[in-house]
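Below: the structure, in structure tokens.
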Amino acid sequence: MTEALPTLWFVVIAVLWAGYLFLEGFDLGVGMLMKLMARNDTQRRVLLNTVGPVWDGNEVWLVTAVGATFAAFPSWYASLLSALYLPFLCVLLGLIFRAVAFEWRGKRDSDAWRGRWDWAIAIGSFTAAAGIGAVLALTTTGLPLDADGNRVGGAFAWATAPAFLGAAAVVLFCLVHAAAFIALKTEGRVHDQSERLFRRLLPVALVPFLGWALLVQLDTGTAVTWLAVVLAVVAVIAAHRCSVSGRDGRAFASLGVGMLALVGSIFGAAFPVVLPSTLDQAFDLTVQNASSSPYTLGLMSVVACFGLPLVLAYQGWTYWVFRRRVSEASIPAAHVVAPL
């Protein structure tokens, strides 16, 4: 049983990253579409209202994924975060700017004030999405690590083609995922705009994501992981057909299944390596040589059995409470609130 615990926690961490991309994906995409799709302040407020009750809860998945990596695979955590210090710093700054902008955007009735915070949301969302994409691509394709797990090279040794491919993959996925989510959560002109955007973006938006998956498959893929790639393609085709027929919920769900299948194929093909070394395969970090002690993993498993259902329950309840669609008609005019 103890020998299976590292594998179990590798699967848990893969699930946490997939959950983060699914939930925070449309969240970050909505932030970027604040400047790319919305045409006026009312439409931007509609977009904000679609994610307003859930955006901070979605970020819990990122904290949990990184925290689980620290506890279950300390060597993986140490090598990854030290080698990718700059991308992780950009992700944190992007998320901080987003969070501040969400809270402060409506504090003053001024177009210039709101415009600056809108740019903070859009740029912060883009930076976070690109950084996460680069990090995940590199943890599955490799970094120049020596025998001690230390990065070889300068501060930008991570800036390789796979890093930029992963960044493009996550940014474009977030945009198309957000378009599907907005179509599901809105009515009126915003709904129609997002539906058209979804259908235009879908044929090309997942090409970098598919390229990332194929890059890993061609190196270490198995029959099962190749089957997951095929499932992803079928799910994306189904998403487009559902959107054409006006079934917004099914389009959103099908796109999500496609993303989950791609993430599953990538992590499945990478297993048992958690962080490859591009210098020598003997320096690879694996689920066995990078994991914590069996006692630590066993204790974490017990805690997760109680904690994970609670997290899923309260987050599911939040989405259920705020399940209704939003329209421009439901947005009141901007006004000044006098202090008490």
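Numbering starts fresh at 1 for the residues of each chain in the structure tokens, the chains themselves are lettered A, B, ... in the order given, and ligands are numbered from 1 as they appear.
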Counting only C-alpha atoms, which residues of stretch 220-314 of chain A fall within 12 Å of stretch 18-37 of chain A, and what is the closest atom pair for each with its distance in Å at one decimal, ordered by chain and rising number, as CSV?
residue,atom,partner,partner_atom,distance
A:Phe252,CA,A:Phe26,CA,10.0
A:Ala253,CA,A:Phe22,CA,10.0
A:Ser254,CA,A:Phe22,CA,11.6
A:Leu255,CA,A:Phe22,CA,9.5
A:Gly256,CA,A:Phe22,CA,6.4
A:Val257,CA,A:Phe22,CA,9.2
A:Gly258,CA,A:Phe22,CA,10.3
A:Met259,CA,A:Phe22,CA,7.6
A:Leu260,CA,A:Ala18,CA,6.1
A:Ala261,CA,A:Ala18,CA,9.3
A:Leu262,CA,A:Ala18,CA,9.4
A:Val263,CA,A:Ala18,CA,6.3
A:Gly264,CA,A:Ala18,CA,8.0
A:Ser265,CA,A:Ala18,CA,11.2
A:Ile266,CA,A:Ala18,CA,10.8
A:Phe267,CA,A:Ala18,CA,9.9
A:Leu312,CA,A:Gly19,CA,10.7
Residues of the last selection are to be written out with C-alpha atoms, as a tab-separated table (two decimals), in the first residue's frame.
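And here's selection_16.tsv as it stands now:
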chain	number	residue	atom	x	y	z
A	252	PHE	CA	-19.34	24.26	-22.13
A	253	ALA	CA	-19.27	20.73	-20.68
A	254	SER	CA	-17.91	19.17	-23.88
A	255	LEU	CA	-15.10	21.71	-24.07
A	256	GLY	CA	-14.29	20.97	-20.44
A	257	VAL	CA	-14.15	17.24	-21.16
A	258	GLY	CA	-11.79	17.94	-24.05
A	259	MET	CA	-9.44	19.93	-21.81
A	260	LEU	CA	-9.55	17.30	-19.06
A	261	ALA	CA	-8.73	14.58	-21.57
A	262	LEU	CA	-5.75	16.55	-22.88
A	263	VAL	CA	-4.43	17.21	-19.37
A	264	GLY	CA	-4.92	13.54	-18.51
A	265	SER	CA	-3.02	12.48	-21.63
A	266	ILE	CA	-0.13	14.83	-20.81
A	267	PHE	CA	0.28	13.81	-17.17
A	312	LEU	CA	-16.05	20.28	-3.38
Enumerate, in order of chain and increasing residue number, the residues of stretch 214-265 of chain A with an atom no farther than 12 Å from stretch 124-140 of chain A, each with its shortest atom pair and distance in Å to one decimal, counting only C-alpha atoms, as CSV.
residue,atom,partner,partner_atom,distance
A:Leu214,CA,A:Thr140,CA,11.8
A:Leu215,CA,A:Thr140,CA,9.7
A:Val216,CA,A:Thr140,CA,7.2
A:Gln217,CA,A:Thr140,CA,10.6
A:Asp219,CA,A:Thr140,CA,10.6
A:Thr220,CA,A:Thr140,CA,10.4
A:Gly221,CA,A:Thr140,CA,11.9
A:Val263,CA,A:Leu136,CA,9.8
A:Gly264,CA,A:Thr140,CA,11.7
A:Ser265,CA,A:Thr140,CA,11.0
* Can you pull out every residue within 6 Å of stretch 273-289 of chain A, counting only C-alpha atoms, but drop anything in the same chain fewer than 2 positions away, and send it as a count of residues only? => 10
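Each of A:Ser79, A:Trp212, A:Ala183, A:Thr225 was checked against A:Val152 using only C-alpha atoms; the smallest atom-to-atom distance is that of A:Ser79.
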* Would you mind listing what lies within 12 Å of A:Gly115 as a PyMOL selection string, with only C-alpha atoms counted and same-chain residues fewer than 2 positions away left out? => chain A and resi 34-35+40-41+44-45+101+104-106+108-113+117-122
* Give me, please, the distance in Å between atom CA of A:Ala180 and atom CA of A:Phe198, quoted to one decimal. =>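 So the two atoms, atom CA of A:Ala180 and atom CA of A:Phe198, lie 6.0 Å apart.
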* Structure fact -> The distance between atom CA of A:Arg39 and atom CA of A:Leu206 is 25.4 Å
* Got a sec: who's within 10 Å of A:Arg199, counting only C-alpha atoms, leaving out chain neighbours fewer than 5 positions off, as number ranges by chain? -> A: 176, 179-180, 194, 204, 239-241, 243-244
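Distance check against A:Val170 using only C-alpha atoms: of A:Cys242, A:Val207, A:Ala71, A:Val190, the minimum falls on A:Val207.
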* To do: Run DSSP on the backbone and give me the residues of stretch 207-332 of chain A it puts in strand (DSSP E or B), as a ChimeraX atom specification.
  => /A:273-275,277,285-286,326
Store the residues picked out above in a file with N, CA and C atoms, as a PDB file, in the first residue's frame.
ATOM      1  N   VAL A 273       7.622  10.150 -14.348  1.00  0.00           N
ATOM      2  CA  VAL A 273       8.509  11.294 -14.189  1.00  0.00           C
ATOM      3  C   VAL A 273       7.676  12.519 -13.830  1.00  0.00           C
ATOM      4  N   VAL A 274       8.044  13.210 -12.766  1.00  0.00           N
ATOM      5  CA  VAL A 274       7.322  14.425 -12.369  1.00  0.00           C
ATOM      6  C   VAL A 274       8.004  15.685 -12.890  1.00  0.00           C
ATOM      7  N   LEU A 275       9.309  15.599 -13.137  1.00  0.00           N
ATOM      8  CA  LEU A 275      10.042  16.731 -13.696  1.00  0.00           C
ATOM      9  C   LEU A 275      11.261  16.194 -14.446  1.00  0.00           C
ATOM     10  N   SER A 277      14.681  15.998 -16.695  1.00  0.00           N
ATOM     11  CA  SER A 277      15.882  16.795 -16.916  1.00  0.00           C
ATOM     12  C   SER A 277      16.255  16.711 -18.390  1.00  0.00           C
ATOM     13  N   LEU A 285      13.387  13.670 -12.014  1.00  0.00           N
ATOM     14  CA  LEU A 285      12.681  13.474 -10.749  1.00  0.00           C
ATOM     15  C   LEU A 285      11.448  12.630 -11.020  1.00  0.00           C
ATOM     16  N   THR A 286      11.269  11.569 -10.242  1.00  0.00           N
ATOM     17  CA  THR A 286      10.157  10.649 -10.452  1.00  0.00           C
ATOM     18  C   THR A 286       9.275  10.592  -9.209  1.00  0.00           C
ATOM     19  N   VAL A 326     -27.144  36.250 -16.280  1.00  0.00           N
ATOM     20  CA  VAL A 326     -27.023  37.693 -16.082  1.00  0.00           C
ATOM     21  C   VAL A 326     -27.241  38.369 -17.424  1.00  0.00           C
TER      22      VAL A 326
END
* Those of stretch 85-324 of chain A in DSSP alpha helix (DSSP H), formatted as a PyMOL selection string -> chain A and resi 85-104+111-141+161-185+189-205+207-220+223-244+248-270+294-321
* Top pick for closest residue to A:Tyr295, considering A:Glu103, A:Glu187, A:Glu3, A:Glu328 and counting only C-alpha atoms ->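 Result for the nearest residue to A:Tyr295: A:Glu3.
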* With distances taken over only C-alpha atoms, which of A:Gly316, A:Gly211, A:Gly268, A:Pro203 is nearest to A:Ala228? -> A:Gly268
* **Using only C-alpha atoms: which of A:Trp55, A:Phe306, A:Trp9, A:Phe181 has the shortest distance to A:Ala251** =>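 Answer, going by the shortest atom-to-atom distance: A:Phe181.
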